[in-house]
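Undergrad: Take this structure, written in structure tokens, and hold onto it; I'll ask about it next.
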Amino acid sequence: MNIELCLFKGGVRRALTMSFDDGKEFDVPLAQMFDKYGIKGTFHINSGNLNKETYLTDEQVRMIGKNHEISVHGKTHPFLDKIPLPFALQEVMEDKAALEKLTDYPVRGMSYPYGTYNEEVIQLLRGAGMEYSRTINNTRSFYPPEDFMKWHPTCHQSVDLTELWTKFMKFNKHQRLFYIWGHSYEFDRDQSWEHMEEFCKMASGHEDIWFATNIEIKDYITAMRGLVFSADRKKIYNPSSQEVWLKADGETICIRPGECRQL
């Protein structure tokens with residue numbers, strides 16, 4: 001039997017996720033734009049700047065967090081690989097604790113301030129409960145990461161998104177993830193709000209695309225990679241708490257949480 005782990009939630013092959021850093025006030029209209037077009041975003045926030053001029057307020061974070069993911073970006077946006085490890089841990093844990101007071105869930109992901117990290121920092125972050133962290137290394141490709149602590153995005157918000165989207169939509173085999181990152185204040189600085197809205201309009205309404213936050217992507221792929229198969233490929237066990245879709249001899253199959261499916 002031919003088994004393919006090639007599908008996202010709902011049995012689709014494509015997914016779109018976005019993330020934006022720093023927690024500036026422009027995150028509010030950006031989140032509203034996402035809501036308008038049914039797109040999900042992750043907002044990485046420096047809690048040390050909350051309620052300051054040009055930054056989000058506590059109430060705005062709560063509002064954004066209702067439909068989108070709130071995530072760590074370091075309390076004061078330091079170079080995590082350039083400060084003592086105990087201070088790096090403090091930056092992440094204090095940011096996590098402050099943001100969790102404004103959300104209804106444990107904060108489990110982040111993006112690296114300035115995009116910098118090293119293996120010591122990654123080990124530290126895993127111990128602090130971080131399950132993914134986004135870099136700023138643009139791949140211009142559409143592959144889910146092998147290591148979620150080195151999650152390289154597809155592209156920055158400023159590139160020709162239409163060109164990449166056309167390439168993305170041509171793929172009809174395997175699993176493809178389009179990941180855009182950036183800063184909401186750049187839309188105002190560069191007068192490029194229309195650029196993003198045109199992309200959101202183009203991307204929205206596709207039933208064959210899963211629109212998800214960073215943590216939703218991470219959780220699903222982790223569950224997919226955690227499926228257990230019998231030696232003869234005829235039994236599949238899903239030990240996770242969510243449904244996972246796959247192809248078995250070309251047929252789309254959903255394995256429910258805790259289910260052991262006989263094929």
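A note on labels: chains of the structure tokens are A, B, ... as shown, every chain counts residues from 1, and ligands are counted from 1 in their shown order.
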Would you write out, as a Markdown table, a table of all residues in stretch 179-231 of chain A that have an atom no more than 9 Å from an atom of stretch 5-14 of chain A, listing for each the closest atom pair and the distance in Å to one decimal, considering only C-alpha atoms and ordering rows by chain and rising residue number?

TA:
| residue | atom | partner | partner_atom | distance |
| --- | --- | --- | --- | --- |
| A:Glu207 | CA | A:Val12 | CA | 8.3 |
| A:Asp208 | CA | A:Val12 | CA | 5.3 |
| A:Ile209 | CA | A:Arg14 | CA | 4.9 |
| A:Trp210 | CA | A:Arg14 | CA | 6.3 |
| A:Phe211 | CA | A:Arg14 | CA | 8.9 |
| A:Ile217 | CA | A:Phe8 | CA | 8.5 |
| A:Tyr220 | CA | A:Lys9 | CA | 7.2 |
| A:Ile221 | CA | A:Phe8 | CA | 7.9 |
| A:Met224 | CA | A:Leu5 | CA | 7.2 |
| A:Arg225 | CA | A:Leu5 | CA | 8.2 |

Undergrad: Write to file, as a compact mmCIF listing (two decimals), in the first residue's frame, the residues of the selection just made, with C-alpha atoms.

TA:
# COMPACT_ATOMS: atom_id res chain seq x y z
CA GLU A 207 -11.31 26.03 -0.47
CA ASP A 208 -8.17 24.03 -1.27
CA ILE A 209 -5.97 26.19 0.98
CA TRP A 210 -5.75 26.01 4.77
CA PHE A 211 -5.34 29.47 6.33
CA ILE A 217 0.81 24.65 11.30
CA TYR A 220 -0.65 19.72 12.66
CA ILE A 221 2.68 18.76 11.10
CA MET A 224 1.23 14.09 11.06
CA ARG A 225 4.85 13.14 11.70

Undergrad: Residues at most 9 Å from stretch 156-160 of chain A, counting only C-alpha atoms, excluding those fewer than 4 positions away in the same chain, as a list of chain:residue names?

TA: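 Counting only C-alpha atoms, the residues come to A:Ile136, A:Asn138, A:Leu164, A:Trp165, A:Tyr179, A:Ile180, A:Trp181, A:Gly182, A:His183, A:Glu186, A:Phe187, A:Ser192, A:His195, A:Met196.
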
Undergrad: For A:Arg261, which residue out of A:Gln242, A:Phe229, A:Phe199, A:Lys101 is the nearest one, using only C-alpha atoms?

TA: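 The answer is A:Phe229, which sits nearest to A:Arg261.
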
Undergrad: Residues at most 12 Å from A:Pro78, counting only C-alpha atoms, excluding those fewer than 3 positions away in the same chain, as a PyMOL selection string?

TA: chain A and resi 22+46+48+73-75+81-85+87-92+95+111-117

Undergrad: Could you go through stretch 41-260 of chain A and tell me which residues DSSP, when run on the backbone, assigns to alpha helix (DSSP H), listing them as an MDAnalysis selection string?

TA: chainID A and resid 58:65 85:100 119:127 161:170 184:189 193:203 214:225

Undergrad: A:Asn214, A:Lys173, A:Lys40, A:Asp232: which is nearest A:Lys247, counting only C-alpha atoms?

TA: A:Lys173

Undergrad: Can you work out which one of A:Met18, A:Thr57, A:Val228, A:Leu246 has the shortest atom-to-atom distance to A:Glu259, counting only C-alpha atoms?

TA: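 Closest to A:Glu259, using only C-alpha atoms: A:Val228.
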
Undergrad: From the options A:Asp219, A:Glu146, A:Glu198, A:Glu69, which residue's atoms come nearest to A:Glu131, counting only C-alpha atoms?

TA: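 Of A:Asp219, A:Glu146, A:Glu198, A:Glu69, the one nearest A:Glu131 is A:Asp219, counting only C-alpha atoms.
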
Undergrad: Please provide as a list in words all residues within 12 Å of A:Pro86, with the sequence filter that same-chain residues fewer than 5 positions apart are discarded (counting only C-alpha atoms).

TA: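 Surrounding residues, per the criterion: Leu80, Asp81, Glu91, Val92, Met93, Glu94, Glu120, Val121, Leu124, Leu125 and Ala128 of chain A.
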
Undergrad: Would you mind exporting N, CA, C and O atoms of the selected residues as an mmCIF file, in the first residue's frame?

TA:
data_model
loop_
_atom_site.group_PDB
_atom_site.id
_atom_site.type_symbol
_atom_site.label_atom_id
_atom_site.label_comp_id
_atom_site.auth_asym_id
_atom_site.auth_seq_id
_atom_site.Cartn_x
_atom_site.Cartn_y
_atom_site.Cartn_z
ATOM 1 N N LEU A 80 19.520 37.680 20.926
ATOM 2 C CA LEU A 80 19.566 36.593 21.910
ATOM 3 C C LEU A 80 20.911 35.866 21.922
ATOM 4 O O LEU A 80 21.297 35.291 22.940
ATOM 5 N N ASP A 81 21.617 35.881 20.796
ATOM 6 C CA ASP A 81 22.910 35.195 20.732
ATOM 7 C C ASP A 81 24.061 36.080 21.158
ATOM 8 O O ASP A 81 25.217 35.653 21.139
ATOM 9 N N GLU A 91 14.569 37.179 29.031
ATOM 10 C CA GLU A 91 13.869 37.928 27.989
ATOM 11 C C GLU A 91 12.670 37.139 27.445
ATOM 12 O O GLU A 91 11.593 37.697 27.238
ATOM 13 N N VAL A 92 12.882 35.859 27.207
ATOM 14 C CA VAL A 92 11.831 35.030 26.626
ATOM 15 C C VAL A 92 10.746 34.704 27.646
ATOM 16 O O VAL A 92 9.548 34.836 27.374
ATOM 17 N N MET A 93 11.144 34.313 28.835
ATOM 18 C CA MET A 93 10.161 33.912 29.841
ATOM 19 C C MET A 93 9.324 35.094 30.323
ATOM 20 O O MET A 93 8.113 34.955 30.551
ATOM 21 N N GLU A 94 9.932 36.254 30.477
ATOM 22 C CA GLU A 94 9.160 37.418 30.912
ATOM 23 C C GLU A 94 8.208 37.880 29.817
ATOM 24 O O GLU A 94 7.080 38.313 30.096
ATOM 25 N N GLU A 120 23.093 27.066 21.162
ATOM 26 C CA GLU A 120 22.898 27.224 22.608
ATOM 27 C C GLU A 120 21.568 27.917 22.895
ATOM 28 O O GLU A 120 20.851 27.545 23.821
ATOM 29 N N VAL A 121 21.259 28.933 22.107
ATOM 30 C CA VAL A 121 19.987 29.643 22.277
ATOM 31 C C VAL A 121 18.820 28.710 21.995
ATOM 32 O O VAL A 121 17.832 28.684 22.737
ATOM 33 N N LEU A 124 18.248 26.402 24.859
ATOM 34 C CA LEU A 124 17.666 27.174 25.957
ATOM 35 C C LEU A 124 16.166 27.392 25.736
ATOM 36 O O LEU A 124 15.348 27.215 26.654
ATOM 37 N N LEU A 125 15.793 27.747 24.515
ATOM 38 C CA LEU A 125 14.399 28.050 24.198
ATOM 39 C C LEU A 125 13.522 26.806 24.284
ATOM 40 O O LEU A 125 12.370 26.880 24.721
ATOM 41 N N ALA A 128 12.604 26.339 27.687
ATOM 42 C CA ALA A 128 11.687 27.380 28.155
ATOM 43 C C ALA A 128 10.269 27.180 27.630
ATOM 44 O O ALA A 128 9.392 28.009 27.900
#
